Amino acid sequence: MQYRSPWMTEELEAFRHQFRKFLEKDLAPHAEKWRRQKMVDRSAWLKLGEMGALVPSVPEQYGGLGASFAYDAAIYEDMESIVPEALSGVTVSSGIVAHYILNYGSEEQKLRWLPAMARGELIGGIAMTEPGTGSDLQAVRTTAKLDGDNYVINGQKTFITNGQNADLIIVVARTGGPGAKGLSLIAMETKDNPGFRRGRNLDKIGLHASDTSELFFENAVAPKENLLGGEEGKGFVQLMQQLPQERLIIAVGAVAAMERAVKLTTEYTRERKAFGQPILDFQNTAFTLAERKTETFIARVFVDFCIERLIAGDLDAVTASMAKWWTTQKQVETVDECLQLHGGYGYMQEYPIGRMFVDSRIQKIYGGTNEVMKLLIARSL
Ligand SMILES: Cc1cc2nc3c(=O)[nH]c(=O)nc-3n(C[C@H](O)[C@H](O)[C@H](O)COP(=O)(O)OP(=O)(O)OC[C@H]3O[C@@H](n4cnc5c(N)ncnc54)[C@H](O)[C@@H]3O)c2cc1C
């Protein structure tokens with residue numbers, strides 16, 4: 001059956017037709033180099049900016065296309081299936097950080113940062129996680145103290161996507177007392193900020209082209225206007241408001257990865273022969289792929305529903321959590337079974353399914369672990 005996402009339009013089809021060609025021709029040939037150097041070249045960001053692919057759902061007056069989240073979803077799907085190496089950095093900067101600026105930044109901040117993000121000149125990061133605090137965000141220890149016209153930031157963050165490249169980092173910091181009410185979000189520029197230091201580009205088991213880093217703040221400064229929302233103590237609420245979009249973005253990538261895994265494996269098993277017949281003709285292979293194709297379709301329809309809800313402005317945290325945990329769980333299972341059907345070749349770096357195997361694993365952890373997703377859903381029972 002030919003299925004078309006309900007949010008798809010002819011205009012978006014035309015855009016993504018060009019976009020896919022661009023990804024294949026201009027970005028994919030560099031992916032191997034990015035994996036080796038453990039980061040994506042900045043020139044790739046500039047090219048994505050020229051394509052209008054960085055902040056499509058930001059209004060035109062701030063450099064975006066003024067489009068809906070459907071554009072973001074299509075862009076992330078195409079990147080996942082053609083050049084996944086560039087995806088996680090772009091989703092963090094464009095899909096998350098830009099939207100904090102758009103929703104909580106002042107007019108002056110939006111005009112200063114968003115057009116530069118749209119052009120790929122400014123890369124964003126968001127620093128929530130600390131060495132001692134991941135799931136329990138309310139326990140963040142990094143502090144930001146007002147001193148004259150500046151916030152002075154002290155503390156340490158870890159596992160921060162775009163950590164080596166980020167020009168602007170949204171720092172989750174404690175401006176008040178303990179617990180959620182003491183947290184604020186401060187947009188901190190990294191340039192000419194001697195109290196800010198980037199640590200190691202961490203050695204991960206997957207996502208090799210994505211820079212993930214430790215960050216150190218030793219009297220780093222940000223002007224007091226960089227407090228997002230203009231009022232202290234709003235950080236936790238702002239995070240909760242934005243997390244459904246972040247979680248949906250992860251689910252969009254999960255479905256695209258499942259679709260790619262099933263397609264690649266169907267093609268591979270059709271060609272590969274054992275005992276005188278294509279592997280696909282063994283009932284175990286065909287049934288495994290039949291099951292995975294079914295689950296992939298179910299995941300696609302549910303994620304499309306969530307995309308429509310987000311576009312309508314009413315995707316709630318519980319439904320987004322369902323999408324995040326279930327699709328990423330299915331992604332990991334699907335990619336594992338697809339690797340199995342590749343035999344030993346599946347374990348080789350040169351076959352995409354092997355890379356998809358190690359890259360998929362983090363999907364169950366970041367953006368809030370799948371256990372935390374279930375806690376959120378359980379509260380709604
Ligand atoms: C590649 C990568 C990129 C990342 N990018 C970013 C980024 O850009 N910005 C950022 O801020 N962070 C980022 N992270 C961090 C990520 O969000 C955290 O690793 C994640 O939230 C989990 O936190 P933790 O690692 O401290 O695990 P912990 O919180 O220590 O959890 C360990 C285990 O305990 C479980 N657990 C914890 N609490 C409960 C509970 N109440 N009930 C049941 N089980 C529980 C967890 O589910 C998990 O299985 C990234 C991580 C990686 C690996």
# chains A, B, ... in the order shown; residues from 1 in each chain; ligands from 1
call {"tool": "residues_near_ligand", "arguments": {"ligand": "ligand 1", "cutoff": "9 Å", "atoms": "only C-alpha atoms and all ligand atoms", "output": "PyMOL selection string"}}
result
chain A and resi 88-89+92+125-137+157-163+171-172+202+204+206-207+210-213+359+362-375
call {"tool": "select_by_dssp", "arguments": {"residues": "stretch 160-376 of chain A", "states": "alpha helix (DSSP H)", "output": "count of residues only"}}
result
108
call {"tool": "residues_around", "arguments": {"residues": "stretch 67-69 of chain A", "least_positions_apart": "4", "cutoff": "8 Å", "atoms": "only C-alpha atoms", "output": "list in words"}}
result
Pro56, Ser57, Val58, Pro59, Ala73, Ile307, Leu310 and Ile311 of chain A
call {"tool": "write_last_selection", "arguments": {"atoms": "N, CA, C and O atoms", "output": "mmCIF file, in the first residue's frame"}}
result
data_model
loop_
_atom_site.group_PDB
_atom_site.id
_atom_site.type_symbol
_atom_site.label_atom_id
_atom_site.label_comp_id
_atom_site.auth_asym_id
_atom_site.auth_seq_id
_atom_site.Cartn_x
_atom_site.Cartn_y
_atom_site.Cartn_z
ATOM 1 N N PRO A 56 13.852 25.619 9.342
ATOM 2 C CA PRO A 56 12.709 25.878 8.452
ATOM 3 C C PRO A 56 11.479 26.407 9.178
ATOM 4 O O PRO A 56 10.754 27.235 8.626
ATOM 5 N N SER A 57 11.249 25.954 10.420
ATOM 6 C CA SER A 57 10.005 26.373 11.077
ATOM 7 C C SER A 57 10.158 27.648 11.898
ATOM 8 O O SER A 57 9.266 28.005 12.663
ATOM 9 N N VAL A 58 11.273 28.354 11.685
ATOM 10 C CA VAL A 58 11.429 29.678 12.306
ATOM 11 C C VAL A 58 10.869 30.711 11.313
ATOM 12 O O VAL A 58 11.048 30.558 10.101
ATOM 13 N N PRO A 59 10.156 31.741 11.809
ATOM 14 C CA PRO A 59 9.571 32.731 10.885
ATOM 15 C C PRO A 59 10.615 33.409 9.998
ATOM 16 O O PRO A 59 11.793 33.522 10.370
ATOM 17 N N ALA A 73 10.653 17.728 10.074
ATOM 18 C CA ALA A 73 10.524 16.266 10.079
ATOM 19 C C ALA A 73 11.067 15.679 8.776
ATOM 20 O O ALA A 73 11.832 14.705 8.797
ATOM 21 N N ILE A 307 3.333 14.236 14.840
ATOM 22 C CA ILE A 307 3.781 15.406 14.067
ATOM 23 C C ILE A 307 2.582 16.336 13.825
ATOM 24 O O ILE A 307 2.673 17.551 13.995
ATOM 25 N N LEU A 310 1.814 18.153 16.982
ATOM 26 C CA LEU A 310 2.791 19.213 17.270
ATOM 27 C C LEU A 310 2.510 20.429 16.387
ATOM 28 O O LEU A 310 2.548 21.576 16.856
ATOM 29 N N ILE A 311 2.210 20.184 15.115
ATOM 30 C CA ILE A 311 1.918 21.298 14.201
ATOM 31 C C ILE A 311 0.673 22.056 14.692
ATOM 32 O O ILE A 311 0.624 23.280 14.647
#
call {"tool": "closest_atom_pairs", "arguments": {"of": "stretch 91-133 of chain A", "to": "stretch 228-250 of chain A", "cutoff": "10 Å", "atoms": "only C-alpha atoms", "output": "JSON lines"}}
result
{"residue": "A:Thr91", "atom": "CA", "partner": "A:Ile249", "partner_atom": "CA", "distance": 7.4}
{"residue": "A:Val92", "atom": "CA", "partner": "A:Glu246", "partner_atom": "CA", "distance": 8.2}
{"residue": "A:Gly95", "atom": "CA", "partner": "A:Glu246", "partner_atom": "CA", "distance": 7.1}
{"residue": "A:Ile96", "atom": "CA", "partner": "A:Glu246", "partner_atom": "CA", "distance": 6.2}
{"residue": "A:Val97", "atom": "CA", "partner": "A:Gln242", "partner_atom": "CA", "distance": 9.6}
{"residue": "A:His99", "atom": "CA", "partner": "A:Gln242", "partner_atom": "CA", "distance": 7.9}
{"residue": "A:Tyr100", "atom": "CA", "partner": "A:Gln242", "partner_atom": "CA", "distance": 7.4}
{"residue": "A:Ile101", "atom": "CA", "partner": "A:Leu228", "partner_atom": "CA", "distance": 7.6}
{"residue": "A:Asn103", "atom": "CA", "partner": "A:Gly229", "partner_atom": "CA", "distance": 8.2}
{"residue": "A:Tyr104", "atom": "CA", "partner": "A:Gly229", "partner_atom": "CA", "distance": 4.6}
{"residue": "A:Gly105", "atom": "CA", "partner": "A:Leu228", "partner_atom": "CA", "distance": 5.6}
{"residue": "A:Ser106", "atom": "CA", "partner": "A:Gly229", "partner_atom": "CA", "distance": 7.7}
{"residue": "A:Gln109", "atom": "CA", "partner": "A:Leu228", "partner_atom": "CA", "distance": 9.7}
{"residue": "A:Met128", "atom": "CA", "partner": "A:Leu239", "partner_atom": "CA", "distance": 9.6}
call {"tool": "atom_distance", "arguments": {"atom1": "atom CA of A:Leu227", "atom2": "atom CA of A:Gly66"}}
result
25.4 Å
call {"tool": "closest_residue", "arguments": {"among": "A:Gln18, A:Gln138, A:Thr190, A:Thr9", "to": "A:Gly177", "atoms": "only C-alpha atoms"}}
result
A:Gln138
call {"tool": "residues_around", "arguments": {"residues": "A:Thr294", "least_positions_apart": "3", "cutoff": "12 Å", "atoms": "only C-alpha atoms", "output": "PDB file with N, CA and C atoms, in the first residue's frame"}}
result
ATOM      1  N   MET A   1       0.848  -1.192   0.000  1.00  0.00           N
ATOM      2  CA  MET A   1       0.000   0.000   0.000  1.00  0.00           C
ATOM      3  C   MET A   1       0.887   1.247   0.000  1.00  0.00           C
ATOM      4  N   VAL A 255      12.040   6.255  13.282  1.00  0.00           N
ATOM      5  CA  VAL A 255      11.217   5.649  12.220  1.00  0.00           C
ATOM      6  C   VAL A 255      11.988   5.636  10.897  1.00  0.00           C
ATOM      7  N   MET A 258      14.415   2.829  11.004  1.00  0.00           N
ATOM      8  CA  MET A 258      13.770   1.514  10.839  1.00  0.00           C
ATOM      9  C   MET A 258      13.441   1.274   9.369  1.00  0.00           C
ATOM     10  N   GLU A 259      12.910   2.291   8.723  1.00  0.00           N
ATOM     11  CA  GLU A 259      12.562   2.134   7.298  1.00  0.00           C
ATOM     12  C   GLU A 259      13.815   1.822   6.478  1.00  0.00           C
ATOM     13  N   VAL A 262      15.056  -1.869   7.174  1.00  0.00           N
ATOM     14  CA  VAL A 262      14.244  -2.895   6.513  1.00  0.00           C
ATOM     15  C   VAL A 262      14.535  -2.902   5.003  1.00  0.00           C
ATOM     16  N   PHE A 287       9.860 -13.876   7.428  1.00  0.00           N
ATOM     17  CA  PHE A 287       8.973 -13.568   8.564  1.00  0.00           C
ATOM     18  C   PHE A 287       9.565 -12.458   9.432  1.00  0.00           C
ATOM     19  N   THR A 288      10.880 -12.522   9.638  1.00  0.00           N
ATOM     20  CA  THR A 288      11.515 -11.461  10.442  1.00  0.00           C
ATOM     21  C   THR A 288      11.286 -10.107   9.778  1.00  0.00           C
ATOM     22  N   LEU A 289      11.504 -10.051   8.472  1.00  0.00           N
ATOM     23  CA  LEU A 289      11.327  -8.769   7.776  1.00  0.00           C
ATOM     24  C   LEU A 289       9.846  -8.373   7.722  1.00  0.00           C
ATOM     25  N   ALA A 290       8.972  -9.363   7.626  1.00  0.00           N
ATOM     26  CA  ALA A 290       7.533  -9.059   7.608  1.00  0.00           C
ATOM     27  C   ALA A 290       7.126  -8.421   8.942  1.00  0.00           C
ATOM     28  N   GLU A 291       7.638  -8.995  10.038  1.00  0.00           N
ATOM     29  CA  GLU A 291       7.300  -8.431  11.352  1.00  0.00           C
ATOM     30  C   GLU A 291       7.846  -7.017  11.488  1.00  0.00           C
ATOM     31  N   PHE A 297       5.726   0.333  10.009  1.00  0.00           N
ATOM     32  CA  PHE A 297       4.548   1.053   9.503  1.00  0.00           C
ATOM     33  C   PHE A 297       3.717   1.603  10.664  1.00  0.00           C
ATOM     34  N   ILE A 298       3.549   0.781  11.698  1.00  0.00           N
ATOM     35  CA  ILE A 298       2.784   1.237  12.878  1.00  0.00           C
ATOM     36  C   ILE A 298       3.496   2.445  13.508  1.00  0.00           C
ATOM     37  N   ALA A 299       4.818   2.351  13.606  1.00  0.00           N
ATOM     38  CA  ALA A 299       5.598   3.460  14.186  1.00  0.00           C
ATOM     39  C   ALA A 299       5.424   4.716  13.336  1.00  0.00           C
ATOM     40  N   ARG A 300       5.465   4.536  12.031  1.00  0.00           N
ATOM     41  CA  ARG A 300       5.324   5.685  11.107  1.00  0.00           C
ATOM     42  C   ARG A 300       3.970   6.386  11.300  1.00  0.00           C
ATOM     43  N   VAL A 301       2.920   5.590  11.405  1.00  0.00           N
ATOM     44  CA  VAL A 301       1.585   6.185  11.522  1.00  0.00           C
ATOM     45  C   VAL A 301       1.446   6.911  12.871  1.00  0.00           C
ATOM     46  N   LYS A 330      11.907  -0.005  19.315  1.00  0.00           N
ATOM     47  CA  LYS A 330      11.691  -0.762  18.072  1.00  0.00           C
ATOM     48  C   LYS A 330      12.859  -0.551  17.110  1.00  0.00           C
ATOM     49  N   THR A 334      14.908  -3.615  15.675  1.00  0.00           N
ATOM     50  CA  THR A 334      14.867  -3.799  14.219  1.00  0.00           C
ATOM     51  C   THR A 334      16.274  -3.835  13.646  1.00  0.00           C
TER      52      THR A 334
END
call {"tool": "closest_residue", "arguments": {"among": "A:Lys191, A:His208, A:Lys293, A:Arg16", "to": "A:Ser360", "atoms": "only C-alpha atoms"}}
result
A:His208
call {"tool": "atom_distance", "arguments": {"atom1": "atom CA of A:Ala70", "atom2": "atom CA of A:Arg112"}}
result
25.3 Å
call {"tool": "select_by_dssp", "arguments": {"residues": "stretch 232-375 of chain A", "states": "strand (DSSP E or B)", "output": "PDB file with C-alpha atoms, in the first residue's frame"}}
result
ATOM      1  CA  LYS A 273      22.637 -16.694  -1.420  1.00  0.00           C
ATOM      2  CA  ALA A 274      23.080 -19.655   0.937  1.00  0.00           C
ATOM      3  CA  GLN A 277      18.880 -19.829  -2.707  1.00  0.00           C
ATOM      4  CA  PRO A 278      18.513 -16.166  -1.727  1.00  0.00           C
TER       5      PRO A 278
END
call {"tool": "atom_distance", "arguments": {"atom1": "atom CA of A:Ala256", "atom2": "atom CA of A:Thr328"}}
result
10.9 Å
call {"tool": "residues_around", "arguments": {"residues": "A:Asn150", "least_positions_apart": "5", "cutoff": "8 Å", "atoms": "only C-alpha atoms", "output": "mmCIF file with C-alpha atoms, in the first residue's frame"}}
result
data_model
loop_
_atom_site.group_PDB
_atom_site.id
_atom_site.type_symbol
_atom_site.label_atom_id
_atom_site.label_comp_id
_atom_site.auth_asym_id
_atom_site.auth_seq_id
_atom_site.Cartn_x
_atom_site.Cartn_y
_atom_site.Cartn_z
ATOM 1 C CA VAL A 221 30.097 35.142 31.771
ATOM 2 C CA ALA A 222 26.866 35.935 29.993
ATOM 3 C CA PRO A 223 25.174 39.353 29.978
ATOM 4 C CA LYS A 224 22.178 39.463 32.280
#
